[in-house]
Amino acid sequence: MKDDTEFGYKARQILNQGLDILDGKVTARLHQARQAALNSQRVSVMGLRMAGIGQTLEFAFFSNARNLLAVMALSVGAMGTYYWNAFEQAQEFEEIDSALLAGDLPPSAYLDRGFQAWLERTSDSSLR
Amino acid sequence: MKKAERSQEPPLSSRTELSNFLAGIERRAFKQAMFAIRNEETALDIVQDAMMRLAEKYGERPVEEWPMLFQRILQNAIRDSYRRSKVRSMWTTLLSSLSPNDDEDADPLETFAAQGESEGLTTPHRQLERTQLLGVIEKEIEKLPLRQREAFLMRYWEEMDIAETAVAMGCSEGSVKTHCSRATHTLAAALRAKGIEL
């Protein structure tokens with residue numbers, strides 16, 4: 001058994017020498033075969049993923065990316081317009097409040113119904 | 001669909017490992033196929049198919065399993081091709097039985113001596129001797145029965161242990177030992193008959 005092993009390894013050394021003198025055409029073809037095999041290598045997809053759904057969502061996102069961006073830009077624009085209008089309205093109210101406070105009449109006069117009726121009557125008669 | 005294919009690409013480390021593994025065994029695999037088939041193109045096709053099958057089906061398996069798996073795939077492919085060529089040669093022999101083949105009487109040493117001469121006088125004498133010895137051993141390995149050759153090459157050239165060889169060959173460990181021992185004795189006797197002692 002020991003002799004067999006010794007013979008086997010001596011034969012191996014000689015056979016290995018034959019590998020270095022292979023024809024260039026053969027080594028090129030082997031290299032090509034290796035590249036083809038590497039391109040078809042199979043590996044498991046790592047990470048958590050729900051069967052089918054994850055890939056579907058990913059596919060849906062990437063294929064509709066342009067539409068999604070347009071919708072997002074529109075939403076940002078609408079929000080901006082809403083806040084701008086609110087700001088403008090607040091400024092108007094601020095001006096009215098300032099005028100009321102700076103006037104001679106007390107603000108409670110504007111809430112009085114009699115004063116409102118007198119004001120309308122006075123303005124009607126002055127127009128005539 | 002491109003996005004779905006992209007997610008199946010192997011990680012770089014796995015690709016490098018497989019590339020290193022294939023680069024390490026491809027030449028020996030080719031030689032093994034050549035010993036059995038004796039046709040360069042067919043041998044290359046067999047090696048390529050074996051590589052592809054390993055990558056496609058077992059690319060995600062642990063690296064330590066690749067040598068045994070690759071050998072199993074390779075030996076199966078060699079056996080299939082061997083059987084097909086046997087059937088083909090049977091028909092060829094039947095059709096060309098009238099033309100005798102003198103090649104079997106040719107002395108391999110003469111062939112390799114002639115090859116050595118054709119390489120030119122610049123080749124060192126020692127190198128020539130080694131090349132001739134290599135040629136003789138390769139010829140004798142070719143002559144071994146298929147199973148003996150498989151066992152011998154896997155045990156001593158691929159350095160697989162008896163258990164791995166048994167799995168790759170699809171037989172018992174006892175059979176591996178028997179095939180291996182017979183192959184070694186046949187080879188040693190054939191070399192001794194040519195005056196070669198390893």
# chains A, B, ... in the order shown; residues from 1 in each chain; ligands from 1

call {"tool": "interface_residues", "arguments": {"of": "chain B", "to": "chain A", "cutoff": "7 Å", "atoms": "only C-alpha atoms", "output": "ChimeraX atom specification"}}
result
/B:3-4,8,10,15,19,22,26-27,48,51-52,55-57,59-60,134,156-157,181,184,198

call {"tool": "atom_distance", "arguments": {"atom1": "CA of Lys25 (chain A)", "atom2": "CA of Arg130 (chain B)"}}
result
22.8 Å

call {"tool": "residues_around", "arguments": {"residues": "Ser81 (chain B)", "least_positions_apart": "6", "cutoff": "10 Å", "atoms": "only C-alpha atoms", "output": "list in words"}}
result
Ala33, Ala36, Ile37, Thr42, Ala43, Ile46, Gln75 and Val87 of chain B

call {"tool": "residues_around", "arguments": {"residues": "Met34 (chain B)", "least_positions_apart": "4", "cutoff": "10 Å", "atoms": "only C-alpha atoms", "output": "list of chain:residue names"}}
result
B:Arg28, B:Ala29, B:Phe30, B:Arg38, B:Asn39, B:Glu40, B:Glu41, B:Thr42, B:Ala43, B:Leu44, B:Ile46, B:Ile78, B:Glu138, B:Glu142

call {"tool": "write_last_selection", "arguments": {"atoms": "N, CA and C atoms", "output": "short mmCIF file (atom, residue, chain, number, x, y, z; two decimals), in the first residue's frame"}}
result
data_model
loop_
_atom_site.label_atom_id
_atom_site.label_comp_id
_atom_site.auth_asym_id
_atom_site.auth_seq_id
_atom_site.Cartn_x
_atom_site.Cartn_y
_atom_site.Cartn_z
N ARG B 28 -5.86 19.60 -15.64
CA ARG B 28 -5.91 18.17 -15.27
C ARG B 28 -7.19 17.54 -15.80
N ALA B 29 -8.28 18.31 -15.72
CA ALA B 29 -9.56 17.80 -16.23
C ALA B 29 -9.47 17.51 -17.72
N PHE B 30 -8.82 18.41 -18.44
CA PHE B 30 -8.66 18.20 -19.89
C PHE B 30 -7.85 16.93 -20.16
N ARG B 38 -9.38 10.62 -26.13
CA ARG B 38 -8.30 10.74 -27.13
C ARG B 38 -8.70 11.61 -28.31
N ASN B 39 -9.54 12.58 -28.03
CA ASN B 39 -9.92 13.54 -29.08
C ASN B 39 -9.95 14.92 -28.42
N GLU B 40 -9.11 15.81 -28.92
CA GLU B 40 -8.92 17.12 -28.26
C GLU B 40 -10.22 17.93 -28.19
N GLU B 41 -10.92 18.01 -29.31
CA GLU B 41 -12.14 18.83 -29.35
C GLU B 41 -13.20 18.29 -28.40
N THR B 42 -13.39 16.96 -28.44
CA THR B 42 -14.39 16.34 -27.56
C THR B 42 -13.99 16.52 -26.10
N ALA B 43 -12.69 16.36 -25.83
CA ALA B 43 -12.21 16.52 -24.44
C ALA B 43 -12.47 17.94 -23.94
N LEU B 44 -12.22 18.92 -24.80
CA LEU B 44 -12.47 20.32 -24.41
C LEU B 44 -13.96 20.57 -24.18
N ILE B 46 -16.13 18.36 -23.22
CA ILE B 46 -16.49 17.68 -21.97
C ILE B 46 -16.12 18.55 -20.77
N ILE B 78 -17.41 11.96 -19.12
CA ILE B 78 -16.42 11.14 -19.85
C ILE B 78 -17.02 9.78 -20.18
N GLU B 138 1.69 8.67 -19.84
CA GLU B 138 0.36 9.05 -20.34
C GLU B 138 -0.23 7.96 -21.23
N GLU B 142 -3.61 5.82 -20.46
CA GLU B 142 -4.69 5.70 -21.47
C GLU B 142 -5.15 4.26 -21.62
#

call {"tool": "residues_around", "arguments": {"residues": "Met169 (chain B)", "least_positions_apart": "6", "cutoff": "9 Å", "atoms": "only C-alpha atoms", "output": "list in words"}}
result
Gln71, Arg72, Gln75, Asn76, Arg147, Glu150, Ala151 and Val176 of chain B
